There are 2 protein chains.
Amino acid sequence: MQTLLESYVESNRARFVEELKEVIRFPTISAQPRHGRDLKRCAEWLANHLRQIGLESVEVISTTSHPIVCGEWQHAPGKPTVLIYGHYDVQPVDPISDWHSPPFEPTVRGNDLYGRGASDDKGQMFTHIKALEAYLRTSGKLPVNVKCLFEGEEEIGSPNLLPFFARNRDRLTADVAVLSDMWILGPNRPAITYAMRGALSLELEVSGPGNDLHSGNFGGAVHSPLQVLCEIIAGLHDAEGRVTVPEFYRQVRPVAPRERAYMARAGIDAQVLRDAGIAKDWGESGFTPYERIAIRPALSVNGILGGYQGLGPKAVIPARSAAKLDFRLVPDQDPSAINRLFRQHIIRIMPPTVRTSIRTHFVAKPVQINRHHPTISAAETAYHKGFGARPVFLRMGGTIPVVGLFQQVLGIPVVLMGFALPDDRMHAPNEKFHLPNFFNGIATSIWFLADAARQLSMKAIPIWKPADQRQAPADLT
Amino acid sequence: MQTLLESYVESNRARFVEELKEVIRFPTISAQPRHGRDLKRCAEWLANHLRQIGLESVEVISTTSHPIVCGEWQHAPGKPTVLIYGHYDVQPVDPISDWHSPPFEPTVRGNDLYGRGASDDKGQMFTHIKALEAYLRTSGKLPVNVKCLFEGEEEIGSPNLLPFFARNRDRLTADVAVLSDMWILGPNRPAITYAMRGALSLELEVSGPGNDLHSGNFGGAVHSPLQVLCEIIAGLHDAEGRVTVPEFYRQVRPVAPRERAYMARAGIDAQVLRDAGIAKDWGESGFTPYERIAIRPALSVNGILGGYQGLGPKAVIPARSAAKLDFRLVPDQDPSAINRLFRQHIIRIMPPTVRTSIRTHFVAKPVQINRHHPTISAAETAYHKGFGARPVFLRMGGTIPVVGLFQQVLGIPVVLMGFALPDDRMHAPNEKFHLPNFFNGIATSIWFLADAARQLSMKAIPIWKPADQRQAPADLT
């Protein structure tokens with residue numbers, strides 16, 4: 001049967017790419033309210049597409065902001081149910097001037113398809129949709145029961161998923177969830193992710209003068225909110241690259257030497273520097289670059305608002321300024337507890353010349369998965385067949401809020417099966433998707449569904465490494 | 001004759017305001033190249049207006065960016081020549097959302113005319129134009145010879161004025177230059193400015209990674225250029241509010257106790273805090289707020305570029321970031337020397353993880369004027385008649401590059417005769433011009449031209465306090 005599927009994919013490659021380009025053309029930036037209509041149109045397009053390939057009960061479900069698209073195929077009695085998750089929203093495109101082709105006019109150059117969302121996550125989500133299509137168009141059936149869940153709010157922290165999950169526990173019942181929204185190591189180096197950092201996304205505002213002031217007339221006599229913001233940010237790391245918020249590291253679960261040795265063998269350290277395009281590394285002393293992004297928490301400044309950002313000079317002291325801050329957290333750090341510690345710290349250090357306020361954009365808990373679970377073995381086999389190489393096991397620095405929700409609310413195992421490349425520039429200008437990975441991804445998804453059908457017993461073994469059990473991390477290696 | 005002039009102004013007030021609104025409607029933001037055409041159209045409008053009121057040899061002179069408007073009236077043989085300077089370009093309007101009415105749709109609310117450029121400098125420039133009109137329409141002549149020079153690049157440091165002055169020395173010969181682009185203390189508290197700080201406007205760029213990075217995937221292992229920029233800026237002031245660039249204060253001319261006592265008597269300190277809308281002052285210890293903005297140099301951050309400034313979160317580590325920096329300098333600091341010191345300092349402190357580059361936007365030397373010069377006495381008399389109150393003498397924190405050029409290139413005395421109020425929000429959202437000041441300003445200009453006609457001997461006394469003479473500042477009080 002696989003031969004039939006393979007030749008179906010082979011002969012439809014060009015159309016698959018054209019369809020992916022169609023999805024990318026919707027400017028689905030979830031963070032920007034003016035794109036609300038584009039997200040709605042994209043959701044409708046996706047729903048129609050799912051109906052066309054043969055999924056049933058397809059629905060576009062409204063939320064308080066961007067809709068969720070659901071669909072299913074439930075005609076494999078006695079077989080397990082696979083829940084396929086993806087997201088059709090994308091990151092903002094700033095700085096727009098750095099793009100070589102417009103972000104929402106997908107363009108193929110060489111073996112790569114360029115466009116915002118090409119890899120994160122429209123392209124990776126599409127691998128599974130095309131795998132389903134291949135089964136349904138060649139044999140009229142799937143080897144397992146399938147539920148699809150595609151959301152439009154992943155890039156803003158999935159604020160509507162928790163209430164949606166809570167209201168739809170039965171509808172979302174499944175034996176395993178699979179999601180593809182991450183890196184592998186290279187075109188021929190597949191990888192399975194078994195840990196992700198949590199996230200705490202904040203906005204810190206500093207305000208001072210009643211309105212923007214002329215910096216000639218007032219410079220020297222006013223504590224500029226922009227300067228205070230810089231002073232606060234500069235003080236959030238010490239000379240050793242550690243975050244200075246008191247108690248920040250208290251809940252960090254120690255990682256055993258055996259696990260660190262396994263990580264070292266994966267050979268990621270040099271790759272981190274190469275992928276980042278930096279000559280010299282930086283970070284918490286005592287840890288390698290891979291460890292710093294995987295088993296250590298971090299704080300990044302994503303942007304600073306306030307003052308003049310246009311061309312040329314403007315002699316102004318801004319009345320307000322703000323910084324977008326992004327904490328990445330590791331087991332057993334609790335994002336809400338870190339949020340409290342940070343707020344206490346800011347109150348403690350703020351100078352009396354200004355006022356501060358803090359807004360929480362989103363929180364997500366860190367996640368760690370038992371890589372000896374049978375579903376993971378199924379994924380391993382599928383990658384081997386799809387890419388012709390055995391996958392390595394990776395810890396990922398990023399965060400996908402839904403993974404924590406699968407764990408906490410639905411209690412189902414998750415397989416994190418990435419098809420993007422480290423240099424695909426997810427979140428950055430000139431995002432791309434490597435087309436050989438698109439096709440190998442479709443093959444991998446086809447094999448995974450077939451293998452999952454043989455894994456009826458996979459529910460028996462806990463896949464999660466719960467934060468409160470403090471299991472020896474050595475178990476994972 | 002003054003009665004005739006006064007009644008002319010009185011009966012034309014409404015038309016004067018309508019004409020001023022016409023000038024404000026041109027969005028003449030000189031820092032933004034896309035407004036080039038608007039500046040050209042505004043220059044043509046001004047030139048036509050000068051022709052209509054009776055000026056001669058009116059010309060719009062092209063420069064490498066925005067044009068200069070010149071005009072003259074030379075039919076008062078034996079009388080002195082007054083050069084009237086103003087600028088028709090304006091500051092950018094960011095943040096646009098803080099404006100209560102659109103910046104280029106001038107709106108009268110109460111006694112104030114709101115709009116970008118209402119006071120800086122279209123409104124103040126217009127007082128002199130309307131004074132000339134009053135003379136020419138009532139008597140057909142002026143009491144002095146007049147040359148007008150209106151530029152479109154003041155807000156970007158007047159880059160084309162120096163070459164223009166050098167090429168047109170003869171054309172610009174005059175006995176005194178008058179310019180109105182500054183504050184007085186209140187509607188009934190006129191002031192004459194006798195010192196202005198110099199300026200050095202720079203842009204510091206920090207770059208690191210090859211492109212913007214996903215802060216989840218890389219956070220903790222990359223020295224973010226935005227974080228480095230914050231660290232650099234935070235380190236540019238010490239705990240005493242002093243600039244930390246080595247040798248920065250070496251050339252600062254000491255100010256005598258008598259001068260500081262005179263400044264204290266002007267009662268500006270509380271006003272600085274009130275005008276800034278701050279509860280608590282800040283700055284170099286050992287100096288009062290007025291001293292900090294007048295006799296001490298300062299460094300302000302005008303804006304930070306880099307990272308995401310839109311709504312909501314974006315998980316990114318920007319590849320580049322930049323800060324717009326604004327030094328204000330006092331006698332005898334040389335902007336070029338400070339520029340060198342700053343660049344050496346940045347090279348010394350930059351971490352090995354990033355690259356930096358620095359761009360100079362503009363430089364202007366500090367200026368100090370002998371307030372016992374006869375032209376200043378003429379201004380004093382004019383204010384007394386125009387506002388019904390004697391002016392106080394002020395040092396100003398701001399910078400008007402052309403003032404240094406009048407001194408250095410043309411060697412003519414300058415009278416700095418402001419009509420704006422401290423709360424007119426020059427450079428900020430909701431800029432306004434207090435209309436009673438507009439009309440009192442026209443009256444003051446009328447009286448100044450009449451008085452200047454009686455000051456034939458005013459060239460004999462040096463008006464400048466040259467930086468290299470180190471004259472006792474006590475002379476000025």
# chains A, B, ... in the order shown; residues from 1 in each chain; ligands from 1
>>> residues_around(residues="Ile233 (chain B)", least_positions_apart="3", cutoff="9 Å", atoms="only C-alpha atoms", output="number ranges by chain")
A: 227, 230-231, 234; B: 228-230, 236-237, 301, 323
>>> write_last_selection(atoms="N, CA and C atoms", output="mmCIF file, in the first residue's frame")
data_model
loop_
_atom_site.group_PDB
_atom_site.id
_atom_site.type_symbol
_atom_site.label_atom_id
_atom_site.label_comp_id
_atom_site.auth_asym_id
_atom_site.auth_seq_id
_atom_site.Cartn_x
_atom_site.Cartn_y
_atom_site.Cartn_z
ATOM 1 N N GLN A 227 15.489 55.830 29.618
ATOM 2 C CA GLN A 227 16.754 55.541 30.304
ATOM 3 C C GLN A 227 16.517 54.611 31.494
ATOM 4 N N CYS A 230 16.143 51.129 30.299
ATOM 5 C CA CYS A 230 17.450 50.539 29.984
ATOM 6 C C CYS A 230 18.177 50.130 31.259
ATOM 7 N N GLU A 231 18.084 50.973 32.287
ATOM 8 C CA GLU A 231 18.763 50.650 33.554
ATOM 9 C C GLU A 231 18.163 49.385 34.160
ATOM 10 N N ALA A 234 19.230 46.363 31.911
ATOM 11 C CA ALA A 234 20.655 46.059 32.084
ATOM 12 C C ALA A 234 20.896 45.341 33.410
ATOM 13 N N VAL B 228 22.413 44.426 24.932
ATOM 14 C CA VAL B 228 23.709 45.124 24.977
ATOM 15 C C VAL B 228 23.492 46.631 24.906
ATOM 16 N N LEU B 229 22.575 47.046 24.039
ATOM 17 C CA LEU B 229 22.285 48.482 23.911
ATOM 18 C C LEU B 229 21.793 49.047 25.248
ATOM 19 N N CYS B 230 20.908 48.311 25.917
ATOM 20 C CA CYS B 230 20.431 48.756 27.234
ATOM 21 C C CYS B 230 21.588 48.838 28.223
ATOM 22 N N LEU B 236 25.930 54.854 30.740
ATOM 23 C CA LEU B 236 26.378 56.189 30.318
ATOM 24 C C LEU B 236 26.140 57.266 31.374
ATOM 25 N N HIS B 237 25.392 56.930 32.440
ATOM 26 C CA HIS B 237 25.268 57.842 33.583
ATOM 27 C C HIS B 237 25.707 57.110 34.837
ATOM 28 N N VAL B 301 18.294 59.868 25.723
ATOM 29 C CA VAL B 301 17.994 58.844 24.722
ATOM 30 C C VAL B 301 16.662 59.238 24.082
ATOM 31 N N ALA B 323 20.059 53.155 19.058
ATOM 32 C CA ALA B 323 19.522 54.207 19.924
ATOM 33 C C ALA B 323 19.848 55.556 19.316
#
>>> residues_around(residues="Val144 (chain B)", least_positions_apart="3", cutoff="9 Å", atoms="only C-alpha atoms", output="ChimeraX atom specification")
/B:73-82,141,449-450,452-453
>>> write_last_selection(atoms="N, CA and C atoms", output="PDB file, in the first residue's frame")
ATOM      1  N   TRP B  73      13.435  93.722   1.712  1.00  0.00           N
ATOM      2  CA  TRP B  73      12.871  95.052   1.474  1.00  0.00           C
ATOM      3  C   TRP B  73      13.987  96.016   1.841  1.00  0.00           C
ATOM      4  N   GLN B  74      14.510  96.746   0.818  1.00  0.00           N
ATOM      5  CA  GLN B  74      15.761  97.495   1.003  1.00  0.00           C
ATOM      6  C   GLN B  74      15.585  98.966   0.669  1.00  0.00           C
ATOM      7  N   HIS B  75      14.482  99.572   1.116  1.00  0.00           N
ATOM      8  CA  HIS B  75      14.247 100.973   0.743  1.00  0.00           C
ATOM      9  C   HIS B  75      14.321 101.913   1.924  1.00  0.00           C
ATOM     10  N   ALA B  76      15.215 101.609   2.880  1.00  0.00           N
ATOM     11  CA  ALA B  76      15.406 102.510   4.032  1.00  0.00           C
ATOM     12  C   ALA B  76      16.880 102.898   4.111  1.00  0.00           C
ATOM     13  N   PRO B  77      17.340 103.701   3.146  1.00  0.00           N
ATOM     14  CA  PRO B  77      18.776 104.018   3.104  1.00  0.00           C
ATOM     15  C   PRO B  77      19.218 104.692   4.410  1.00  0.00           C
ATOM     16  N   GLY B  78      20.409 104.298   4.852  1.00  0.00           N
ATOM     17  CA  GLY B  78      20.933 104.868   6.089  1.00  0.00           C
ATOM     18  C   GLY B  78      20.420 104.186   7.341  1.00  0.00           C
ATOM     19  N   LYS B  79      19.437 103.323   7.164  1.00  0.00           N
ATOM     20  CA  LYS B  79      18.889 102.611   8.322  1.00  0.00           C
ATOM     21  C   LYS B  79      19.558 101.233   8.430  1.00  0.00           C
ATOM     22  N   PRO B  80      19.551 100.664   9.614  1.00  0.00           N
ATOM     23  CA  PRO B  80      20.158  99.334   9.742  1.00  0.00           C
ATOM     24  C   PRO B  80      19.338  98.256   9.022  1.00  0.00           C
ATOM     25  N   THR B  81      19.989  97.110   8.842  1.00  0.00           N
ATOM     26  CA  THR B  81      19.320  95.972   8.200  1.00  0.00           C
ATOM     27  C   THR B  81      19.068  94.882   9.236  1.00  0.00           C
ATOM     28  N   VAL B  82      17.810  94.440   9.320  1.00  0.00           N
ATOM     29  CA  VAL B  82      17.428  93.367  10.253  1.00  0.00           C
ATOM     30  C   VAL B  82      17.184  92.093   9.444  1.00  0.00           C
ATOM     31  N   LYS B 141       5.844 101.244   3.839  1.00  0.00           N
ATOM     32  CA  LYS B 141       7.291 101.115   4.043  1.00  0.00           C
ATOM     33  C   LYS B 141       7.616 100.540   5.429  1.00  0.00           C
ATOM     34  N   LEU B 449      11.273  96.423  15.367  1.00  0.00           N
ATOM     35  CA  LEU B 449      11.741  97.005  14.106  1.00  0.00           C
ATOM     36  C   LEU B 449      11.852  98.522  14.235  1.00  0.00           C
ATOM     37  N   ALA B 450      10.883  99.134  14.920  1.00  0.00           N
ATOM     38  CA  ALA B 450      10.928 100.583  15.121  1.00  0.00           C
ATOM     39  C   ALA B 450      12.134 100.979  15.978  1.00  0.00           C
ATOM     40  N   ALA B 452      14.888  99.155  16.510  1.00  0.00           N
ATOM     41  CA  ALA B 452      16.140  98.807  15.824  1.00  0.00           C
ATOM     42  C   ALA B 452      16.554  99.959  14.922  1.00  0.00           C
ATOM     43  N   ALA B 453      15.560 100.670  14.338  1.00  0.00           N
ATOM     44  CA  ALA B 453      15.850 101.794  13.458  1.00  0.00           C
ATOM     45  C   ALA B 453      16.610 102.898  14.194  1.00  0.00           C
TER      46      ALA B 453
END
>>> residues_around(residues="Phe287 (chain A)", least_positions_apart="6", cutoff="10 Å", atoms="only C-alpha atoms", output="PyMOL selection string")
(chain A and resi 260+293+295-296) or (chain B and resi 221)
>>> write_last_selection(atoms="N, CA and C atoms", output="compact mmCIF listing (two decimals), in the first residue's frame")
# COMPACT_ATOMS: atom_id res chain seq x y z
N ARG A 260 23.20 15.26 30.75
CA ARG A 260 24.03 16.29 30.12
C ARG A 260 25.04 15.66 29.16
N ILE A 293 20.00 26.84 26.12
CA ILE A 293 18.68 27.01 25.48
C ILE A 293 17.73 25.87 25.84
N ILE A 295 18.08 23.36 29.03
CA ILE A 295 17.84 22.96 30.41
C ILE A 295 17.98 24.12 31.39
N ARG A 296 18.26 25.34 30.88
CA ARG A 296 18.37 26.51 31.73
C ARG A 296 17.33 27.55 31.32
N ALA B 221 21.48 31.87 25.03
CA ALA B 221 22.77 31.51 24.44
C ALA B 221 23.31 32.59 23.51
>>> residues_around(residues="Tyr249 (chain B)", least_positions_apart="4", cutoff="12 Å", atoms="only C-alpha atoms", output="list of chain:residue names")
B:Arg242, B:Val243, B:Thr244, B:Val245, B:Arg253, B:Pro254, B:Glu284, B:Ile295, B:Arg296, B:Pro297, B:Ala298, B:Arg328, B:Leu329, B:Val330, B:Pro331, B:Asp332, B:Gln333, B:Asp334, B:Ala337, B:Ile338, B:Leu341
>>> residues_around(residues="Val176 (chain A)", least_positions_apart="4", cutoff="8 Å", atoms="only C-alpha atoms", output="list in words")
Thr81, Val82, Leu83, Thr375, Ile412, Pro413, Val414 and Val415 of chain A
>>> closest_residue(among="A:Glu259, A:Glu380, A:Glu151, A:Glu105", to="Leu416 (chain A)", atoms="only C-alpha atoms")
A:Glu380
>>> closest_residue(among="B:Met182, B:Val252, B:Leu39, B:Ala47", to="Arg425 (chain B)", atoms="only C-alpha atoms")
B:Met182
>>> atom_distance(atom1="CA of Ser7 (chain B)", atom2="CA of Asn111 (chain B)")
20.3 Å
>>> select_by_dssp(residues="region 229-445 of chain B", states="strand (DSSP E)", output="ChimeraX atom specification")
/B:298-305,316-317,320-329,355-364,367-368,392-396,414-417,432-434
>>> residues_around(residues="region 309-311 of chain B", least_positions_apart="3", cutoff="7 Å", atoms="only C-alpha atoms", output="list in words")
Ala31, Gln32, Gly303, Ile304 and Leu305 of chain A
>>> write_last_selection(atoms="N, CA and C atoms", output="mmCIF file, in the first residue's frame")
data_model
loop_
_atom_site.group_PDB
_atom_site.id
_atom_site.type_symbol
_atom_site.label_atom_id
_atom_site.label_comp_id
_atom_site.auth_asym_id
_atom_site.auth_seq_id
_atom_site.Cartn_x
_atom_site.Cartn_y
_atom_site.Cartn_z
ATOM 1 N N ALA A 31 -1.340 38.493 16.428
ATOM 2 C CA ALA A 31 -1.095 39.540 17.431
ATOM 3 C C ALA A 31 -1.717 40.872 17.030
ATOM 4 N N GLN A 32 -2.075 41.031 15.736
ATOM 5 C CA GLN A 32 -2.517 42.341 15.258
ATOM 6 C C GLN A 32 -4.004 42.307 14.886
ATOM 7 N N GLY A 303 11.613 43.624 22.390
ATOM 8 C CA GLY A 303 11.440 44.908 21.731
ATOM 9 C C GLY A 303 11.273 45.995 22.765
ATOM 10 N N ILE A 304 11.615 47.214 22.365
ATOM 11 C CA ILE A 304 11.447 48.363 23.250
ATOM 12 C C ILE A 304 10.619 49.405 22.519
ATOM 13 N N LEU A 305 9.594 49.893 23.191
ATOM 14 C CA LEU A 305 8.745 50.951 22.639
ATOM 15 C C LEU A 305 9.022 52.227 23.414
#
>>> residues_around(residues="Thr63 (chain A)", least_positions_apart="6", cutoff="12 Å", atoms="only C-alpha atoms", output="JSON, numbers by chain")
{"A": [36, 39, 40, 69, 151, 152, 153, 158, 159, 160, 161, 162, 163, 164]}
>>> closest_residue(among="B:Pro313, B:Gly71, B:Gly115, B:Gly306", to="Leu20 (chain B)", atoms="only C-alpha atoms")
B:Gly115
>>> atom_distance(atom1="CA of Gln52 (chain A)", atom2="CA of Phe104 (chain A)")
24.1 Å
>>> atom_distance(atom1="CA of Leu55 (chain B)", atom2="CA of Gly418 (chain B)")
23.4 Å
>>> closest_residue(among="B:His100, B:Arg454, B:Arg34, B:His214", to="Ile317 (chain B)", atoms="only C-alpha atoms")
B:His214
>>> closest_residue(among="A:Asn12, A:Ser62, A:Thr360, A:Ser336", to="chain B", atoms="only C-alpha atoms")
A:Thr360
>>> decode(residues="region 413-438 of chain A", atoms="C-alpha atoms", output="PDB file, in the first residue's frame")
ATOM      1  CA  PRO A 413       0.534  11.634  25.129  1.00  0.00           C
ATOM      2  CA  VAL A 414       2.069  13.994  22.605  1.00  0.00           C
ATOM      3  CA  VAL A 415       4.576  13.317  19.844  1.00  0.00           C
ATOM      4  CA  LEU A 416       6.581  16.375  18.821  1.00  0.00           C
ATOM      5  CA  MET A 417       7.567  15.625  15.264  1.00  0.00           C
ATOM      6  CA  GLY A 418       9.312  18.553  13.593  1.00  0.00           C
ATOM      7  CA  PHE A 419      10.082  19.072   9.900  1.00  0.00           C
ATOM      8  CA  ALA A 420      11.568  22.603   9.920  1.00  0.00           C
ATOM      9  CA  LEU A 421      15.277  23.382   9.745  1.00  0.00           C
ATOM     10  CA  PRO A 422      17.224  25.492  12.227  1.00  0.00           C
ATOM     11  CA  ASP A 423      17.926  28.056   9.500  1.00  0.00           C
ATOM     12  CA  ASP A 424      14.289  28.297   8.359  1.00  0.00           C
ATOM     13  CA  ARG A 425      14.127  31.657  10.199  1.00  0.00           C
ATOM     14  CA  MET A 426      10.933  31.002  12.114  1.00  0.00           C
ATOM     15  CA  HIS A 427       9.758  34.365  13.599  1.00  0.00           C
ATOM     16  CA  ALA A 428      12.339  36.280  11.519  1.00  0.00           C
ATOM     17  CA  PRO A 429      12.380  37.935   8.086  1.00  0.00           C
ATOM     18  CA  ASN A 430      12.766  35.560   5.108  1.00  0.00           C
ATOM     19  CA  GLU A 431      11.142  32.620   6.861  1.00  0.00           C
ATOM     20  CA  LYS A 432      11.210  29.574   4.604  1.00  0.00           C
ATOM     21  CA  PHE A 433      10.343  25.895   4.428  1.00  0.00           C
ATOM     22  CA  HIS A 434      12.794  23.446   2.836  1.00  0.00           C
ATOM     23  CA  LEU A 435      10.655  21.646   0.253  1.00  0.00           C
ATOM     24  CA  PRO A 436      12.451  18.245   0.505  1.00  0.00           C
ATOM     25  CA  ASN A 437      11.473  18.358   4.191  1.00  0.00           C
ATOM     26  CA  PHE A 438       7.872  19.072   3.177  1.00  0.00           C
TER      27      PHE A 438
END
